[in-house]
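Novice: Sharing final.cif here; it has mmCIF, C-alpha atoms.
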```cif
data_entry
loop_
_atom_site.label_atom_id
_atom_site.label_comp_id
_atom_site.auth_asym_id
_atom_site.auth_seq_id
_atom_site.Cartn_x
_atom_site.Cartn_y
_atom_site.Cartn_z
CA MET E 1 31.05 4.02 33.29
CA LEU E 2 29.07 5.54 30.47
CA GLN E 3 30.56 8.57 28.86
CA ARG E 4 29.00 11.55 30.64
CA SER E 5 28.05 13.92 27.91
CA ARG E 6 26.85 17.42 28.62
CA VAL E 7 23.27 16.24 28.15
CA THR E 8 23.45 13.53 30.79
CA VAL E 9 21.09 14.08 33.70
CA GLU E 10 23.25 13.95 36.84
CA PRO E 11 20.99 11.82 39.10
CA VAL E 12 20.51 9.29 36.29
CA ALA E 13 24.25 9.15 35.56
CA ARG E 14 24.88 8.60 39.26
CA LEU E 15 22.36 5.75 39.46
CA ILE E 16 23.90 4.15 36.35
CA ASP E 17 27.35 4.36 37.98
CA GLU E 18 26.08 2.83 41.23
CA LEU E 19 24.28 -0.01 39.42
CA ALA E 20 27.35 -0.69 37.27
CA ARG E 21 29.34 -1.40 40.44
CA LEU E 22 27.20 -4.50 41.07
CA PRO E 23 28.74 -7.78 39.92
CA GLY E 24 27.73 -8.91 36.43
CA ILE E 25 26.06 -5.55 35.63
CA GLY E 26 27.83 -3.76 32.79
CA PRO E 27 27.22 -0.15 31.74
CA LYS E 28 24.55 -1.13 29.18
CA THR E 29 22.54 -3.17 31.69
CA ALA E 30 23.05 -0.47 34.32
CA SER E 31 21.54 2.20 32.09
CA ARG E 32 18.65 -0.07 31.13
CA LEU E 33 17.96 -0.68 34.83
CA ALA E 34 18.33 3.02 35.69
CA TYR E 35 15.78 4.02 33.06
CA TYR E 36 13.49 1.27 34.29
CA VAL E 37 13.70 2.63 37.85
CA LEU E 38 13.05 6.10 36.47
CA ARG E 39 9.80 4.96 34.89
CA ALA E 40 8.74 2.48 37.55
CA PRO E 41 5.97 3.49 39.96
CA ARG E 42 7.33 5.58 42.83
CA GLU E 43 6.37 2.91 45.40
CA GLN E 44 8.40 0.24 43.61
CA ALA E 45 11.54 2.38 43.56
CA LEU E 46 11.10 3.37 47.20
CA SER E 47 10.51 -0.26 48.12
CA LEU E 48 13.75 -1.31 46.38
CA ALA E 49 15.77 1.43 48.10
CA ASP E 50 14.21 0.50 51.42
CA ALA E 51 14.99 -3.22 50.93
CA ILE E 52 18.65 -2.32 50.33
CA LEU E 53 18.79 -0.22 53.50
CA GLU E 54 16.93 -2.85 55.53
CA VAL E 55 19.29 -5.62 54.51
CA LYS E 56 22.23 -3.55 55.77
CA GLU E 57 20.48 -2.61 59.00
CA LYS E 58 18.78 -5.81 60.07
CA VAL E 59 20.90 -8.65 58.78
CA ILE E 60 23.60 -9.86 61.16
CA LEU E 61 25.73 -12.98 61.46
CA CYS E 62 24.64 -15.75 63.81
CA SER E 63 27.13 -15.86 66.70
CA ARG E 64 27.19 -19.67 66.53
CA CYS E 65 27.23 -20.66 62.86
CA PHE E 66 27.99 -17.28 61.21
CA ASN E 67 25.17 -17.70 58.75
CA ILE E 68 23.24 -14.51 57.97
CA THR E 69 20.19 -14.00 60.14
CA ASP E 70 17.91 -11.35 61.58
CA THR E 71 17.81 -13.07 64.98
CA ASP E 72 20.74 -14.36 67.05
CA PRO E 73 21.08 -17.31 67.25
CA CYS E 74 19.65 -18.03 63.81
CA ALA E 75 16.55 -20.13 63.11
CA ILE E 76 18.63 -23.24 62.37
CA CYS E 77 20.80 -22.99 65.50
CA ARG E 78 17.66 -22.42 67.61
CA ASP E 79 15.87 -25.45 66.13
CA HIS E 80 16.31 -28.32 68.59
CA ASP E 81 14.62 -30.75 66.22
CA ARG E 82 17.71 -30.62 64.04
CA GLU E 83 20.54 -33.09 64.56
CA GLN E 84 22.93 -31.32 66.91
CA GLY E 85 25.75 -33.79 66.29
CA ILE E 86 26.53 -32.88 62.68
CA ILE E 87 28.02 -29.60 61.44
CA CYS E 88 28.15 -28.91 57.72
CA VAL E 89 30.86 -26.37 56.84
CA VAL E 90 30.13 -24.19 53.80
CA GLU E 91 31.74 -21.19 52.15
CA GLU E 92 28.73 -18.88 51.77
CA PRO E 93 25.21 -18.29 53.12
CA LEU E 94 23.83 -19.16 49.65
CA ASP E 95 25.33 -22.65 50.09
CA VAL E 96 23.15 -23.10 53.19
CA LEU E 97 20.06 -22.28 51.13
CA ALA E 98 21.13 -24.74 48.43
CA LEU E 99 21.66 -27.53 50.97
CA GLU E 100 18.35 -26.76 52.70
CA ARG E 101 16.56 -27.03 49.35
CA THR E 102 17.73 -30.63 48.98
CA GLY E 103 15.71 -31.57 52.08
CA GLU E 104 18.42 -34.21 52.72
CA TYR E 105 20.27 -32.49 55.53
CA ARG E 106 18.93 -31.97 59.04
CA GLY E 107 22.09 -31.01 60.94
CA LEU E 108 23.70 -27.65 61.75
CA TYR E 109 25.92 -25.40 59.64
CA HIS E 110 29.06 -23.34 59.91
CA VAL E 111 29.64 -20.60 57.33
CA LEU E 112 33.30 -19.76 56.65
CA HIS E 113 32.53 -16.69 54.49
CA GLY E 114 34.95 -17.61 51.74
CA ALA E 115 37.66 -20.08 50.85
CA ILE E 116 41.42 -19.91 51.29
CA SER E 117 42.79 -18.18 48.20
CA PRO E 118 46.37 -16.85 48.39
CA VAL E 119 45.91 -15.19 44.97
CA ASP E 120 43.09 -13.03 46.35
CA GLY E 121 44.92 -12.49 49.65
CA VAL E 122 42.44 -14.62 51.61
CA GLY E 123 44.30 -16.58 54.27
CA PRO E 124 42.77 -18.90 56.90
CA ASP E 125 42.67 -16.02 59.41
CA LYS E 126 40.15 -14.11 57.22
CA LEU E 127 37.66 -17.01 57.43
CA ARG E 128 35.64 -18.30 60.38
CA ILE E 129 37.95 -21.30 60.80
CA ARG E 130 39.18 -20.49 64.32
CA GLU E 131 35.53 -20.18 65.43
CA LEU E 132 34.80 -23.61 63.91
CA ILE E 133 37.70 -25.24 65.77
CA GLU E 134 36.51 -23.68 69.05
CA ARG E 135 32.93 -24.72 68.37
CA VAL E 136 33.94 -28.34 67.68
CA ALA E 137 36.08 -28.36 70.86
CA GLU E 138 33.10 -27.14 72.91
CA GLN E 139 30.19 -29.01 71.33
CA HIS E 140 31.90 -32.31 70.41
CA PRO E 141 29.81 -33.06 67.29
CA ARG E 142 30.15 -36.58 65.97
CA GLU E 143 30.72 -35.45 62.37
CA VAL E 144 31.87 -32.40 60.42
CA ILE E 145 30.98 -32.35 56.71
CA LEU E 146 33.32 -30.08 54.73
CA ALA E 147 30.99 -28.89 51.96
CA THR E 148 33.27 -26.21 50.50
CA ASN E 149 33.10 -25.88 46.72
CA PRO E 150 34.59 -28.73 44.63
CA ASN E 151 37.26 -26.49 43.11
CA ILE E 152 40.91 -25.73 43.91
CA GLU E 153 40.20 -23.15 46.64
CA GLY E 154 37.39 -25.21 48.17
CA ASP E 155 39.50 -28.38 48.17
CA ALA E 156 42.46 -26.56 49.73
CA THR E 157 40.19 -25.03 52.38
CA ALA E 158 38.69 -28.44 53.18
CA MET E 159 42.19 -29.95 53.49
CA TYR E 160 43.31 -27.13 55.78
CA VAL E 161 40.21 -27.33 58.01
CA ALA E 162 40.48 -31.14 58.18
CA ARG E 163 44.08 -30.82 59.40
CA GLN E 164 43.06 -28.26 62.02
CA LEU E 165 40.24 -30.52 63.21
CA ALA E 166 42.39 -33.67 63.40
CA PRO E 167 43.46 -33.19 67.07
CA SER E 168 39.78 -33.02 68.13
CA GLY E 169 39.22 -36.56 66.87
CA VAL E 170 35.92 -35.58 65.19
CA SER E 171 34.92 -37.60 62.12
CA VAL E 172 35.40 -35.41 59.00
CA SER E 173 33.80 -36.04 55.59
CA ARG E 174 33.44 -34.34 52.23
CA PRO E 175 30.45 -34.62 49.81
CA ALA E 176 30.99 -36.98 46.87
CA SER E 177 32.37 -35.59 43.63
CA GLY E 178 31.01 -37.19 40.47
CA LEU E 179 28.64 -36.89 37.55
CA PRO E 180 25.76 -34.45 38.00
CA VAL E 181 22.36 -36.16 37.97
CA GLY E 182 20.72 -35.67 34.58
CA GLY E 183 24.14 -35.10 33.02
CA ASP E 184 25.72 -36.89 30.11
CA ILE E 185 28.96 -38.92 30.35
CA GLU E 186 29.81 -37.82 26.81
CA TYR E 187 29.93 -34.19 27.90
CA ALA E 188 31.47 -34.63 31.35
CA ASP E 189 34.88 -32.99 31.81
CA GLU E 190 37.74 -35.40 32.43
CA VAL E 191 38.35 -34.38 36.05
CA THR E 192 34.72 -34.92 37.02
CA LEU E 193 34.56 -38.21 35.12
CA GLY E 194 37.81 -39.33 36.75
CA ARG E 195 36.47 -38.54 40.22
CA ALA E 196 33.18 -40.27 39.41
CA LEU E 197 35.11 -43.41 38.43
CA SER E 198 37.45 -43.41 41.41
CA GLY E 199 34.49 -42.80 43.72
CA ARG E 200 32.33 -45.55 42.17
CA ARG E 201 30.00 -47.48 44.46
CA ALA E 202 28.87 -51.12 44.39
CA LEU E 203 25.29 -51.57 43.19
CA MET P 1 10.45 -15.60 43.43
CA LEU P 2 12.78 -17.95 45.26
CA GLN P 3 11.14 -20.53 47.43
CA ARG P 4 11.06 -19.03 50.93
CA SER P 5 12.17 -21.78 53.21
CA ARG P 6 11.95 -21.46 56.97
CA VAL P 7 15.64 -20.60 57.06
CA THR P 8 15.36 -17.62 54.72
CA VAL P 9 16.27 -14.32 56.33
CA GLU P 10 13.30 -12.01 55.78
CA PRO P 11 15.15 -8.79 54.78
CA VAL P 12 17.31 -10.75 52.33
CA ALA P 13 14.29 -12.52 50.83
CA ARG P 14 12.60 -9.14 50.44
CA LEU P 15 15.61 -7.63 48.68
CA ILE P 16 15.81 -10.65 46.36
CA ASP P 17 12.12 -10.21 45.50
CA GLU P 18 12.57 -6.48 44.83
CA LEU P 19 15.64 -7.04 42.64
CA ALA P 20 13.88 -9.83 40.73
CA ARG P 21 11.21 -7.30 39.67
CA LEU P 22 13.80 -5.46 37.59
CA PRO P 23 13.81 -6.32 33.88
CA GLY P 24 16.26 -9.06 32.85
CA ILE P 25 17.05 -9.96 36.48
CA GLY P 26 15.95 -13.52 37.27
CA PRO P 27 15.76 -15.07 40.74
CA LYS P 28 19.34 -16.43 40.53
CA THR P 29 20.84 -13.09 39.57
CA ALA P 30 18.65 -11.35 42.15
CA SER P 31 19.98 -13.52 44.97
CA ARG P 32 23.56 -13.09 43.78
CA LEU P 33 23.06 -9.31 43.80
CA ALA P 34 21.33 -9.37 47.19
CA TYR P 35 24.22 -11.27 48.77
CA TYR P 36 26.63 -8.88 47.13
CA VAL P 37 24.81 -5.89 48.65
CA LEU P 38 24.83 -7.70 51.99
CA ARG P 39 28.61 -7.96 51.91
CA ALA P 40 29.36 -4.66 50.22
CA PRO P 41 30.66 -1.78 52.35
CA ARG P 42 27.83 0.03 54.08
CA GLU P 43 28.58 3.28 52.19
CA GLN P 44 28.20 1.55 48.82
CA ALA P 45 24.79 0.12 49.71
CA LEU P 46 23.61 3.46 51.14
CA SER P 47 24.88 5.22 48.04
CA LEU P 48 22.95 2.85 45.77
CA ALA P 49 19.73 3.29 47.78
CA ASP P 50 20.23 7.05 47.77
CA ALA P 51 20.82 7.12 43.99
CA ILE P 52 17.52 5.28 43.49
CA LEU P 53 15.66 7.77 45.68
CA GLU P 54 17.38 10.74 44.10
CA VAL P 55 16.46 9.67 40.57
CA LYS P 56 12.80 9.54 41.60
CA GLU P 57 12.96 12.90 43.39
CA LYS P 58 15.05 15.06 41.11
CA VAL P 59 14.45 13.80 37.59
CA ILE P 60 11.60 15.48 35.75
CA LEU P 61 10.52 15.79 32.12
CA CYS P 62 11.51 18.87 30.16
CA SER P 63 8.33 20.83 29.45
CA ARG P 64 9.47 21.47 25.84
CA CYS P 65 11.02 18.24 24.57
CA PHE P 66 9.89 15.78 27.31
CA ASN P 67 13.39 14.39 27.67
CA ILE P 68 14.41 13.59 31.23
CA THR P 69 16.21 16.40 32.99
CA ASP P 70 16.93 17.87 36.40
CA THR P 71 16.35 21.41 35.16
CA ASP P 72 13.43 22.77 33.13
CA PRO P 73 13.94 23.46 30.26
CA CYS P 74 16.62 20.81 29.77
CA ALA P 75 20.24 21.51 28.84
CA ILE P 76 19.58 20.84 25.15
CA CYS P 77 16.49 23.08 24.92
CA ARG P 78 18.39 25.87 26.73
CA ASP P 79 21.39 25.64 24.39
CA HIS P 80 20.99 28.39 21.80
CA ASP P 81 24.05 27.17 19.91
CA ARG P 82 22.02 24.21 18.75
CA GLU P 83 20.07 24.37 15.51
CA GLN P 84 16.60 25.49 16.54
CA GLY P 85 15.04 24.58 13.18
CA ILE P 86 15.34 20.79 13.42
CA ILE P 87 13.47 18.52 15.83
CA CYS P 88 14.45 14.87 16.09
CA VAL P 89 11.59 12.71 17.41
CA VAL P 90 12.63 9.64 19.41
CA GLU P 91 10.87 7.01 21.48
CA GLU P 92 12.99 7.07 24.65
CA PRO P 93 15.48 9.26 26.57
CA LEU P 94 18.16 6.59 25.90
CA ASP P 95 17.73 7.28 22.18
CA VAL P 96 18.73 10.91 22.81
CA LEU P 97 21.95 9.74 24.46
CA ALA P 98 22.66 7.40 21.54
CA LEU P 99 22.13 10.21 19.01
CA GLU P 100 24.25 12.64 21.04
CA ARG P 101 27.07 10.10 21.09
CA THR P 102 27.22 10.16 17.29
CA GLY P 103 28.22 13.84 17.41
CA GLU P 104 26.37 14.17 14.07
CA TYR P 105 23.25 15.90 15.31
CA ARG P 106 23.08 19.47 16.56
CA GLY P 107 19.34 20.11 16.56
CA LEU P 108 16.61 19.69 19.19
CA TYR P 109 14.72 16.59 20.31
CA HIS P 110 11.21 15.49 21.16
CA VAL P 111 10.77 12.35 23.26
CA LEU P 112 7.51 10.46 22.70
CA HIS P 113 8.01 8.04 25.62
CA GLY P 114 7.10 4.94 23.67
CA ALA P 115 5.73 3.80 20.34
CA ILE P 116 2.20 3.07 19.22
CA SER P 117 1.54 -0.57 20.06
CA PRO P 118 -2.11 -1.73 20.06
CA VAL P 119 -1.02 -5.13 21.44
CA ASP P 120 0.36 -3.44 24.58
CA GLY P 121 -2.56 -1.02 24.75
CA VAL P 122 -0.41 1.98 23.81
CA GLY P 123 -2.41 4.32 21.59
CA PRO P 124 -1.27 7.71 20.20
CA ASP P 125 -2.90 9.48 23.16
CA LYS P 126 -0.46 7.81 25.59
CA LEU P 127 2.52 9.33 23.81
CA ARG P 128 3.68 12.94 23.60
CA ILE P 129 2.39 13.27 20.02
CA ARG P 130 -0.17 16.02 20.68
CA GLU P 131 2.60 18.06 22.36
CA LEU P 132 4.80 17.57 19.27
CA ILE P 133 2.06 18.78 16.91
CA GLU P 134 1.50 21.87 19.08
CA ARG P 135 5.24 22.51 19.30
CA VAL P 136 5.65 22.32 15.53
CA ALA P 137 2.66 24.65 15.06
CA GLU P 138 4.23 27.19 17.44
CA GLN P 139 7.90 26.98 16.55
CA HIS P 140 7.70 26.30 12.80
CA PRO P 141 10.87 24.15 12.54
CA ARG P 142 12.10 23.56 9.00
CA GLU P 143 12.49 19.79 9.52
CA VAL P 144 11.23 17.00 11.78
CA ILE P 145 13.31 13.78 11.79
CA LEU P 146 11.24 10.78 12.89
CA ALA P 147 13.91 8.63 14.56
CA THR P 148 11.59 6.06 16.10
CA ASN P 149 12.97 2.51 16.12
CA PRO P 150 13.20 0.72 12.74
CA ASN P 151 10.70 -1.97 13.76
CA ILE P 152 6.95 -2.46 13.27
CA GLU P 153 5.87 -0.23 16.19
CA GLY P 154 8.43 2.44 15.38
CA ASP P 155 7.52 2.48 11.69
CA ALA P 156 3.80 2.67 12.50
CA THR P 157 4.44 5.51 14.95
CA ALA P 158 6.51 7.41 12.38
CA MET P 159 3.74 6.96 9.79
CA TYR P 160 1.11 8.20 12.25
CA VAL P 161 3.16 11.22 13.34
CA ALA P 162 3.98 12.08 9.71
CA ARG P 163 0.28 12.09 8.86
CA GLN P 164 -0.50 14.32 11.85
CA LEU P 165 2.27 16.73 10.85
CA ALA P 166 1.24 16.90 7.19
CA PRO P 167 -1.13 19.91 7.62
CA SER P 168 1.71 21.97 9.16
CA GLY P 169 3.72 21.67 5.94
CA VAL P 170 6.93 20.90 7.85
CA SER P 171 9.49 18.75 6.03
CA VAL P 172 9.50 15.25 7.60
CA SER P 173 12.29 12.68 7.24
CA ARG P 174 13.27 9.30 8.64
CA PRO P 175 16.86 7.99 9.19
CA ALA P 176 18.10 5.56 6.52
CA SER P 177 17.58 1.84 7.01
CA GLY P 178 20.34 -0.40 5.72
CA LEU P 179 23.38 -2.48 6.51
CA PRO P 180 25.04 -1.70 9.85
CA VAL P 181 28.60 -0.37 9.44
CA GLY P 182 31.09 -3.16 10.13
CA GLY P 183 28.42 -5.76 9.31
CA ASP P 184 28.54 -8.56 6.81
CA ILE P 185 26.18 -8.88 3.81
CA GLU P 186 26.33 -12.67 4.19
CA TYR P 187 24.76 -12.43 7.65
CA ALA P 188 22.33 -9.56 7.02
CA ASP P 189 18.65 -10.48 7.42
CA GLU P 190 16.61 -10.25 4.23
CA VAL P 191 14.49 -7.27 5.31
CA THR P 192 17.57 -5.18 6.18
CA LEU P 193 19.34 -6.23 2.98
CA GLY P 194 16.21 -5.44 0.95
CA ARG P 195 15.99 -1.96 2.50
CA ALA P 196 19.70 -1.39 1.95
CA LEU P 197 19.26 -2.21 -1.76
CA SER P 198 16.15 -0.11 -2.29
CA GLY P 199 17.82 2.79 -0.46
CA ARG P 200 21.10 2.54 -2.42
CA ARG P 201 22.97 5.75 -3.19
CA ALA P 202 25.07 6.75 -6.20
CA LEU P 203 28.82 6.78 -5.47
#
```
Mind turning the file's structure into structure tokens?

Specialist:
Amino acid sequence: MLQRSRVTVEPVARLIDELARLPGIGPKTASRLAYYVLRAPREQALSLADAILEVKEKVILCSRCFNITDTDPCAICRDHDREQGIICVVEEPLDVLALERTGEYRGLYHVLHGAISPVDGVGPDKLRIRELIERVAEQHPREVILATNPNIEGDATAMYVARQLAPSGVSVSRPASGLPVGGDIEYADEVTLGRALSGRRAL
Amino acid sequence: MLQRSRVTVEPVARLIDELARLPGIGPKTASRLAYYVLRAPREQALSLADAILEVKEKVILCSRCFNITDTDPCAICRDHDREQGIICVVEEPLDVLALERTGEYRGLYHVLHGAISPVDGVGPDKLRIRELIERVAEQHPREVILATNPNIEGDATAMYVARQLAPSGVSVSRPASGLPVGGDIEYADEVTLGRALSGRRAL
């Protein structure tokens, strides 16, 4: 929060405070943005405020896959051209967008809305894991891909979900870890390089 | 603008687009912010939207100094404890805040709202220069400090304003250019170091 001197204009100070609550926006950036909004055409500022309100009013979670959507079920769950037998489990809605951009995946999704993280007080019950187990029991997909992030929390979440899914007999997989395409072995960290080696494939 | 795939949720895509119009916010940051707003408590999002609207509704320009304010005249112009005989001319309202933070200045301000920049199509007539000349003619201050930015546009603007003020006979000054306090001569750029030398003061 910027120091509020006697000369600060209250509405501007308030906007700076609100903007500074956003992640990655410090007080300097917040005041730059606030002064930009102040000078921007009225329509642009109204449009931004309206977009914020609209996103809170119209966006819901799909009752099947828990991805964000403005229709229920969401466009992916409604699309019968997609492979119904594969469910890709991700942490966040943004992961769905990333996977869709690859153009490589044509199955369904299930969004957990986070990863198990005891440090942050996120246990399995705060995620959509129970809903996934129920969905798998009902729909009997042939494969569940656990595409949680390749870090400690994501790995732990994948392990936990895999254990929960074991009784259902569904085939469970995890995306390969290894060297990023376009990367450089010289600069790869040792964990990634180690995983790339242990996961090597015959040419 | 992020690629809008078929799976994009329209209100989210719209918010991402609106956020990406802000300066220094790229499409990646915009989508991170949009998803943050989506998950933030409803009150926080409403409060942000409201702060944006409020800043457009309530903030006006002071009719004397053209600083932003929610009362006219602004708090500084109304404050009779301030030195009425000095006017500090700045480019932007943020410059007023920066000068106030120093605690060194107790006079009045005049905000030009920009600097002369032929490249960007900003001529003297787009700035509050005429209003400054009239104000000086009416109020007869004993000094005008031209605290425009120490760059090409700011220097040119200061030169222009000084020439316009010359007939009024008011004393005109410009803040010192030189080495920043806490800086290092080794790393100073040659223009700054040159100015610091030519502006040296007897100890």

Novice: Between CA of Ile87 (chain E) and CA of Lys56 (chain E), measure the distance and give it in Å to one decimal.

Specialist: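 Straight-line distance from CA of Ile87 (chain E) to CA of Lys56 (chain E) works out to 27.3 Å.
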
Novice: Report as number ranges by chain the full result of the PyMOL selection byres ((chain P) within 9 of (chain E)) when it is applied to this structure.

Specialist: P: 3, 5-12, 14-16, 18-19, 21-24, 29, 31-39, 42, 44-56, 58-59, 68-71, 74-76, 93-94, 96-97, 100-101

Novice: Translate the PyMOL selection byres ((chain P and resi 136) around 12) into a concrete residue list for this structure, as number ranges by chain.

Specialist: P: 64-65, 84-89, 108-110, 129-135, 137-144, 161-162, 164-172

Novice: As an exercise, work out the distance from CA of Ala196 (chain P) to CA of Gly182 (chain P) in Å and give it to one decimal place.

Specialist: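 CA of Ala196 (chain P) sits 14.1 Å away from CA of Gly182 (chain P).
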
Novice: Calculate how many Å separate CA of Leu99 (chain E) from CA of Met159 (chain E), rounding to one decimal.

Specialist: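 Separation between CA of Leu99 (chain E) and CA of Met159 (chain E): 20.8 Å.
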
Novice: Using the chain letters and numbering of this document, enumerate as a VMD selection string the residues selected by the PyMOL selection byres ((chain P and resi 147) around 7).

Specialist: chain P and resid 88 to 90 145 to 146 148 to 149 174 to 175
